[in-house]
Amino acid sequence: MLLRLCTLFRLLLLFGFIFASSVIVTAQKSIILNDETDYYSINNELGYYIDTNGALSIEQLLSGDHGLITIEQERNNFAMSDNVYWFQFLVDSKLTKENNLIIEFEHPLVEDIRFFLIDSSGLVVNMYRAGLKYDSNQHEIVHRNPIFPISIGKGKYRVVMRIDTRSAVYTSINIHKYQAFWQYEQNERSFVFLLSGILLAISILNLVLFFLVGERSYFLLASFFLVSIILFSSTHGYLFEFLPDIPLLLKVKSRIISYQIGVILLSFFAIKFLDLKQLSMSGFKIMKTAIIFYLVFFMASVANVIPVIIEYKLVVFSYPVFVVIQILVIVIAIKKQNKSAIYFFVSFVLYLFISSIFILVIYGVVAGNIITNNISIIGTAIFSLLLTIGLNEKITKLKKLESKAIQLAEDKEELANEIDIRIETEEALKKSELRLNNANKAKDKFFSILAHDLITPFNTILGFSSLLKENLKTNDLKETGRYVELISSSANKTLRLLENLLDWSRSQTNNIEYRPEPLNVKPIIADIISLYDSQKYKKQIEIVINVDNDIIVCADSNMLQTVVRNLISNAFKFTEKGKITIRAKKIGSDCEITIEDTGAGIAKKQLNNLFKIDINTSTKGTHGEEGTGIGLILCKELVEKNKGQLFIESQIYIGSKFTFTVPLSDKTLAPAP
């Protein structure tokens with residue numbers, strides 16, 4: 001008995017299932033076509049079946065019941081899976097004559113869609129293929145959406161569509177009269193191209209402002225708007241209509257990649273526009289994290305390492321998070337008193353509101369028309385316009401602040417220049433005072449020399465001249481010869497003194513003229529040494545000359561001779577029973593001339609005062625020779641006029657070494673004999 005009850009229960013379940021299935025099938029309504037209506041939208045007349053393994057054929061679908069489910073809303077969202085979807089709706093044509101119709105599947109991102117029109121006898125009247133995977137020559141009509149032209153008269157028909165795609169798709173199937181479809185399409189395109197033109201014009205305006213002002217925010221904003229145009233044209237199929245033969249993978253991923261790039265650009269713009277790095281490091285780090293995520297996501301998409309289904313799901317789940325992050329950082333910027341953030345907040349909230357309308361259109365809550373179908377690009381245009389106004393407002397304020405800062409900097413610089421002028425004037429006065437002091441010291445020195453160093457030898461000459469005059473009367477030749485020698489020595493000393501005084505006074509008044517010419521060093525040194533032959537024997541001094549024949553310098557001849565003569569004279573003055581060594585050698589682009597003696601040397605304390613005009617450093621030689629104290633000062637000034645330097649090394653009781661440099665000449669002369 002129990003077994004019979006179980007069997008009866010099973011039969012009841014089976015009957016109920018068959019009855020329910022038949023109700024589902026028979027409950028499907030038909031679209032009634034008539035002569036008066038040009039447009040039909042398939043709403044709850046649509047049924048669908050999910051083919052999980054994709055093995056079902058049209059013949060199998062037509063031959064039996066596969067449990068078609070009736071859709072109870074205007075648009076059904078599906079895909080982001082490996083399933084194949086079969087859609088079916090019934091047509092009851094009351095047309096009085098045969099009409100050309102267009103059946104439109106109003107979503108372009110379908111990889112493969114197959115269309116079947118079946119008449120009442122079960123015969124397939126029309127069969128088409130469309131979708132992203134097919135080239136332009138494989139489409140019946142190249143259009144932004146999959147469309148299928150049919151020609152039917154009075155009768156009952158069955159329309160079946162097989163859809164195989166990985167991208168996110170919403171179903172919106174419409175039937176149009178042929179002429180009415182193209183008229184509607186023309187109106188929609190005119191509206192879309194107008195909006196796209198506005199968005200493109202705003203992008204170009206921002207690019208022009210970027211090149212004029214140099215503000216990077218303009219470039220980021222312009223790039224974002226251009227990518228938004230690409231995203232819109234991909235979402236609404238215009239990209240594939242104009243470029244039907246681009247690779248399938250690029251078609252499928254165009255919306256994902258343009259979305260990723262758009263988010264990255266908008267994030268960089270938000271950081272720059274909201275001054276997050278300066279105002280809020282936490283907000284900056286949040287945006288930086290979002291940028292890193294989308295950069296990795298973008299590179300993974302380009303490298304094709306993530307399945308398309310996963311990529312679409314990442315887009316769907318990450319977008320709300322990105323919206324929350326954007327609102328969060330905008331609020332942070334507003335709290336930090338960034339007034340420009342209000343523009344961003346208003347434009348972004350308005351954009352979200354308009355985007356929500358588009359979502360309602362997708363889900364069939366709001367009816368689709370030219371305005372609502374393209375509400376996303378309307379929102380983007382408004383968003384771009386408000387952001388451009390906000391950015392211009394911000395840049396204008398920054399320019400005003402920058403102008404004030406520049407004016408302040410200029411005033412500060414002008415004040416600093418005035419201070420510098422005053423300092424320079426004070427320094428010039430100090431230098432002038434110093435020069436006057438030096439001139440006074442030079443004058444005092446000059447008068448001191450005239451008063452003492454010139455009068456003394458003249459007194460000697462006059463004294464010995466008187467004695468010579470008396471001795472001529474007595475004919476004492478020996479004594480007369482001694483007086484003549486003393487007079488000659490005193491006259492020579494006086495002549496050298498006068499020469500030095502004249503050269504020094506001319507150098508002090510800048511009246512000494514510098515005339516450089518190629519000079520062979522060795523003959524100059526040899527001629528000057530010959531002047532001291534008598535002293536060489538008298539003081540028992542060994543002379544060593546180590547100078548090459550081919551050393552040619554570029555110097556003033558008179559100045560060079562004066563320097564060498566003074567230095568050699570000093571060496572003879574302070575040396576007795578010793579050695580004087582004269583060397584000349586090439587060092588780089590200069591000639592180094594050294595005059596070294598083994599004489600009395602100079603005390604270290606005295607070395608520091610050798611070139612000071614106001615301190616008398618003159619000392620007597622080994623035979624009581626007196627000096628003026630201006631010889632070395634003159635040598636230093638003449639060496640420097642010849643673009644050289646003078647160096648002194650000396651140790652008491654060991655000797656002195658005077659070294660000076662003069663530039664080598666680039667001209668050649670005949671070598672010295």
# chains A, B, ... in the order shown; residues from 1 in each chain; ligands from 1
>>> residues_around(residues="Gln561 (chain A)", least_positions_apart="4", cutoff="8 Å", atoms="only C-alpha atoms", output="list in words")
Ile524, Ile528, Ser557 and Arg565 of chain A
>>> closest_atom_pairs(of="region 253-352 of chain A", to="region 378-390 of chain A", cutoff="8 Å", atoms="only C-alpha atoms", output="JSON lines")
{"residue": "A:Ser340", "atom": "CA", "partner": "A:Gly390", "partner_atom": "CA", "distance": 6.3}
{"residue": "A:Tyr343", "atom": "CA", "partner": "A:Gly390", "partner_atom": "CA", "distance": 5.4}
{"residue": "A:Phe344", "atom": "CA", "partner": "A:Leu387", "partner_atom": "CA", "distance": 6.3}
{"residue": "A:Ser347", "atom": "CA", "partner": "A:Phe383", "partner_atom": "CA", "distance": 5.1}
{"residue": "A:Phe348", "atom": "CA", "partner": "A:Phe383", "partner_atom": "CA", "distance": 6.7}
{"residue": "A:Leu350", "atom": "CA", "partner": "A:Phe383", "partner_atom": "CA", "distance": 7.4}
{"residue": "A:Tyr351", "atom": "CA", "partner": "A:Gly379", "partner_atom": "CA", "distance": 5.2}
>>> write_last_selection(atoms="N, CA and C atoms", output="mmCIF file, in the first residue's frame")
data_model
loop_
_atom_site.group_PDB
_atom_site.id
_atom_site.type_symbol
_atom_site.label_atom_id
_atom_site.label_comp_id
_atom_site.auth_asym_id
_atom_site.auth_seq_id
_atom_site.Cartn_x
_atom_site.Cartn_y
_atom_site.Cartn_z
ATOM 1 N N SER A 340 38.137 75.335 -3.698
ATOM 2 C CA SER A 340 37.999 74.739 -5.033
ATOM 3 C C SER A 340 37.358 73.364 -4.970
ATOM 4 N N TYR A 343 33.623 72.942 -6.060
ATOM 5 C CA TYR A 343 33.330 72.694 -7.478
ATOM 6 C C TYR A 343 33.371 71.200 -7.778
ATOM 7 N N PHE A 344 34.417 70.545 -7.261
ATOM 8 C CA PHE A 344 34.570 69.115 -7.491
ATOM 9 C C PHE A 344 33.397 68.359 -6.867
ATOM 10 N N SER A 347 30.076 68.980 -8.917
ATOM 11 C CA SER A 347 30.113 68.326 -10.228
ATOM 12 C C SER A 347 30.099 66.809 -10.094
ATOM 13 N N PHE A 348 30.810 66.276 -9.079
ATOM 14 C CA PHE A 348 30.874 64.819 -8.914
ATOM 15 C C PHE A 348 29.534 64.262 -8.438
ATOM 16 N N LEU A 350 26.596 65.609 -8.952
ATOM 17 C CA LEU A 350 25.690 65.724 -10.095
ATOM 18 C C LEU A 350 25.951 64.607 -11.099
ATOM 19 N N TYR A 351 27.228 64.301 -11.309
ATOM 20 C CA TYR A 351 27.599 63.203 -12.222
ATOM 21 C C TYR A 351 27.062 61.870 -11.701
#
>>> closest_atom_pairs(of="region 145-203 of chain A", to="region 50-58 of chain A", cutoff="12 Å", atoms="only C-alpha atoms", output="tab-separated table")
residue	atom	partner	partner_atom	distance
A:Val159	CA	A:Ile58	CA	11.3
A:Val160	CA	A:Ile58	CA	8.4
A:Met161	CA	A:Ile58	CA	9.3
A:Arg162	CA	A:Ile58	CA	8.4
A:Ile163	CA	A:Gly54	CA	9.9
A:Asp164	CA	A:Gly54	CA	8.3
A:Thr165	CA	A:Gly54	CA	11.2
>>> write_last_selection(atoms="C-alpha atoms", output="PDB file, in the first residue's frame")
ATOM      1  CA  VAL A 159      12.137  34.940 -32.915  1.00  0.00           C
ATOM      2  CA  VAL A 160      15.049  33.146 -31.230  1.00  0.00           C
ATOM      3  CA  MET A 161      18.442  34.610 -30.339  1.00  0.00           C
ATOM      4  CA  ARG A 162      21.456  32.659 -29.133  1.00  0.00           C
ATOM      5  CA  ILE A 163      23.912  34.879 -27.202  1.00  0.00           C
ATOM      6  CA  ASP A 164      27.425  33.861 -26.204  1.00  0.00           C
ATOM      7  CA  THR A 165      29.417  36.617 -24.469  1.00  0.00           C
TER       8      THR A 165
END
>>> residues_around(residues="Asp548 (chain A)", least_positions_apart="2", cutoff="9 Å", atoms="only C-alpha atoms", output="MDAnalysis selection string")
chainID A and resid 521:522 546 550:551 583:585 671:672
>>> write_last_selection(atoms="C-alpha atoms", output="PDB file, in the first residue's frame")
ATOM      1  CA  VAL A 521     114.616  84.537 -21.677  1.00  0.00           C
ATOM      2  CA  LYS A 522     118.242  83.411 -21.814  1.00  0.00           C
ATOM      3  CA  ASN A 546     120.383  76.844 -15.983  1.00  0.00           C
ATOM      4  CA  ASP A 550     114.246  77.796 -26.559  1.00  0.00           C
ATOM      5  CA  ILE A 551     112.208  79.312 -23.718  1.00  0.00           C
ATOM      6  CA  ARG A 583     116.904  78.809 -13.481  1.00  0.00           C
ATOM      7  CA  ALA A 584     114.097  78.979 -16.022  1.00  0.00           C
ATOM      8  CA  LYS A 585     111.762  76.090 -16.920  1.00  0.00           C
ATOM      9  CA  PRO A 671     117.099  79.955 -30.248  1.00  0.00           C
ATOM     10  CA  ALA A 672     119.644  81.975 -28.263  1.00  0.00           C
TER      11      ALA A 672
END
>>> closest_residue(among="A:Tyr85, A:Tyr653, A:Phe181, A:Tyr157", to="Leu123 (chain A)", atoms="only C-alpha atoms")
A:Tyr157
>>> select_by_dssp(residues="region 142-265 of chain A", states="helix (DSSP H, G or I)", output="PyMOL selection string")
chain A and resi 178-213+216-235+238-242+248-265
>>> closest_residue(among="A:Ala180, A:Ile261, A:Leu109, A:Val296", to="Leu249 (chain A)", atoms="only C-alpha atoms")
A:Leu109
>>> closest_residue(among="A:Lys404, A:Lys579, A:Lys394, A:Arg515", to="Gln540 (chain A)", atoms="only C-alpha atoms")
A:Lys579
>>> closest_residue(among="A:His139, A:Lys643, A:Arg129, A:Arg255", to="Ser589 (chain A)", atoms="only C-alpha atoms")
A:Lys643
>>> residues_around(residues="region 287-294 of chain A", least_positions_apart="3", cutoff="10 Å", atoms="only C-alpha atoms", output="JSON, numbers by chain")
{"A": [257, 259, 260, 261, 262, 263, 264, 265, 266, 267, 268, 270, 271, 276, 281, 282, 283, 284, 297, 298, 299, 300, 315, 318, 321, 322, 325, 326, 328, 329]}
>>> atom_distance(atom1="CA of Lys400 (chain A)", atom2="CA of Leu209 (chain A)")
16.6 Å
>>> decode(residues="region 416-427 of chain A", atoms="all heavy atoms", output="mmCIF file, in the first residue's frame")
data_model
loop_
_atom_site.group_PDB
_atom_site.id
_atom_site.type_symbol
_atom_site.label_atom_id
_atom_site.label_comp_id
_atom_site.auth_asym_id
_atom_site.auth_seq_id
_atom_site.Cartn_x
_atom_site.Cartn_y
_atom_site.Cartn_z
ATOM 1 N N ALA A 416 66.665 94.938 -1.572
ATOM 2 C CA ALA A 416 67.980 94.301 -1.427
ATOM 3 C C ALA A 416 69.015 94.982 -2.319
ATOM 4 O O ALA A 416 70.176 95.161 -1.919
ATOM 5 C CB ALA A 416 67.873 92.815 -1.773
ATOM 6 N N ASN A 417 68.572 95.378 -3.545
ATOM 7 C CA ASN A 417 69.497 96.079 -4.447
ATOM 8 C C ASN A 417 69.923 97.422 -3.871
ATOM 9 O O ASN A 417 71.089 97.818 -3.970
ATOM 10 C CB ASN A 417 68.833 96.285 -5.814
ATOM 11 C CG ASN A 417 68.693 94.992 -6.589
ATOM 12 O OD1 ASN A 417 69.450 94.046 -6.358
ATOM 13 N ND2 ASN A 417 67.738 94.928 -7.499
ATOM 14 N N GLU A 418 68.939 98.123 -3.255
ATOM 15 C CA GLU A 418 69.275 99.395 -2.628
ATOM 16 C C GLU A 418 70.276 99.203 -1.498
ATOM 17 O O GLU A 418 71.226 99.980 -1.342
ATOM 18 C CB GLU A 418 68.001 100.061 -2.104
ATOM 19 C CG GLU A 418 67.081 100.599 -3.200
ATOM 20 C CD GLU A 418 65.845 101.256 -2.628
ATOM 21 O OE1 GLU A 418 65.760 101.362 -1.386
ATOM 22 O OE2 GLU A 418 64.968 101.659 -3.420
ATOM 23 N N ILE A 419 70.032 98.137 -0.720
ATOM 24 C CA ILE A 419 70.969 97.826 0.373
ATOM 25 C C ILE A 419 72.341 97.491 -0.196
ATOM 26 O O ILE A 419 73.381 97.945 0.319
ATOM 27 C CB ILE A 419 70.425 96.669 1.233
ATOM 28 C CG1 ILE A 419 69.151 97.123 1.960
ATOM 29 C CG2 ILE A 419 71.463 96.188 2.225
ATOM 30 C CD1 ILE A 419 68.416 96.006 2.664
ATOM 31 N N ASP A 420 72.341 96.670 -1.303
ATOM 32 C CA ASP A 420 73.623 96.307 -1.934
ATOM 33 C C ASP A 420 74.342 97.541 -2.461
ATOM 34 O O ASP A 420 75.570 97.647 -2.339
ATOM 35 C CB ASP A 420 73.372 95.315 -3.086
ATOM 36 C CG ASP A 420 72.947 93.949 -2.576
ATOM 37 O OD1 ASP A 420 73.210 93.661 -1.393
ATOM 38 O OD2 ASP A 420 72.357 93.180 -3.364
ATOM 39 N N ILE A 421 73.537 98.469 -3.041
ATOM 40 C CA ILE A 421 74.158 99.701 -3.567
ATOM 41 C C ILE A 421 74.794 100.498 -2.438
ATOM 42 O O ILE A 421 75.903 101.017 -2.564
ATOM 43 C CB ILE A 421 73.097 100.539 -4.320
ATOM 44 C CG1 ILE A 421 72.697 99.833 -5.622
ATOM 45 C CG2 ILE A 421 73.622 101.937 -4.617
ATOM 46 C CD1 ILE A 421 71.500 100.447 -6.308
ATOM 47 N N ARG A 422 74.059 100.565 -1.310
ATOM 48 C CA ARG A 422 74.612 101.290 -0.168
ATOM 49 C C ARG A 422 75.875 100.609 0.352
ATOM 50 O O ARG A 422 76.862 101.281 0.673
ATOM 51 C CB ARG A 422 73.563 101.371 0.948
ATOM 52 C CG ARG A 422 72.388 102.291 0.609
ATOM 53 C CD ARG A 422 71.456 102.435 1.781
ATOM 54 N NE ARG A 422 70.324 103.309 1.450
ATOM 55 C CZ ARG A 422 69.369 103.636 2.318
ATOM 56 N NH1 ARG A 422 69.407 103.173 3.551
ATOM 57 N NH2 ARG A 422 68.382 104.438 1.947
ATOM 58 N N ILE A 423 75.814 99.275 0.418
ATOM 59 C CA ILE A 423 76.995 98.528 0.885
ATOM 60 C C ILE A 423 78.160 98.738 -0.074
ATOM 61 O O ILE A 423 79.308 98.960 0.347
ATOM 62 C CB ILE A 423 76.660 97.026 1.024
ATOM 63 C CG1 ILE A 423 75.660 96.818 2.170
ATOM 64 C CG2 ILE A 423 77.918 96.205 1.262
ATOM 65 C CD1 ILE A 423 75.121 95.415 2.270
ATOM 66 N N GLU A 424 77.846 98.644 -1.401
ATOM 67 C CA GLU A 424 78.906 98.850 -2.403
ATOM 68 C C GLU A 424 79.477 100.256 -2.312
ATOM 69 O O GLU A 424 80.678 100.469 -2.454
ATOM 70 C CB GLU A 424 78.338 98.604 -3.808
ATOM 71 C CG GLU A 424 78.065 97.142 -4.101
ATOM 72 C CD GLU A 424 77.380 96.938 -5.445
ATOM 73 O OE1 GLU A 424 77.170 97.958 -6.149
ATOM 74 O OE2 GLU A 424 77.067 95.784 -5.783
ATOM 75 N N THR A 425 78.557 101.233 -2.061
ATOM 76 C CA THR A 425 79.026 102.616 -1.928
ATOM 77 C C THR A 425 79.946 102.758 -0.728
ATOM 78 O O THR A 425 81.008 103.394 -0.806
ATOM 79 C CB THR A 425 77.821 103.565 -1.784
ATOM 80 O OG1 THR A 425 76.955 103.398 -2.905
ATOM 81 C CG2 THR A 425 78.269 105.014 -1.712
ATOM 82 N N GLU A 426 79.526 102.112 0.395
ATOM 83 C CA GLU A 426 80.368 102.167 1.591
ATOM 84 C C GLU A 426 81.709 101.483 1.347
ATOM 85 O O GLU A 426 82.762 101.985 1.766
ATOM 86 C CB GLU A 426 79.641 101.497 2.761
ATOM 87 C CG GLU A 426 78.452 102.305 3.280
ATOM 88 C CD GLU A 426 77.719 101.586 4.400
ATOM 89 O OE1 GLU A 426 78.207 100.518 4.810
ATOM 90 O OE2 GLU A 426 76.680 102.093 4.854
ATOM 91 N N GLU A 427 81.654 100.322 0.657
ATOM 92 C CA GLU A 427 82.900 99.612 0.358
ATOM 93 C C GLU A 427 83.777 100.433 -0.580
ATOM 94 O O GLU A 427 85.005 100.471 -0.431
ATOM 95 C CB GLU A 427 82.589 98.244 -0.265
ATOM 96 C CG GLU A 427 82.005 97.253 0.725
ATOM 97 C CD GLU A 427 81.675 95.921 0.082
ATOM 98 O OE1 GLU A 427 81.765 95.843 -1.167
ATOM 99 O OE2 GLU A 427 81.338 94.972 0.813
#
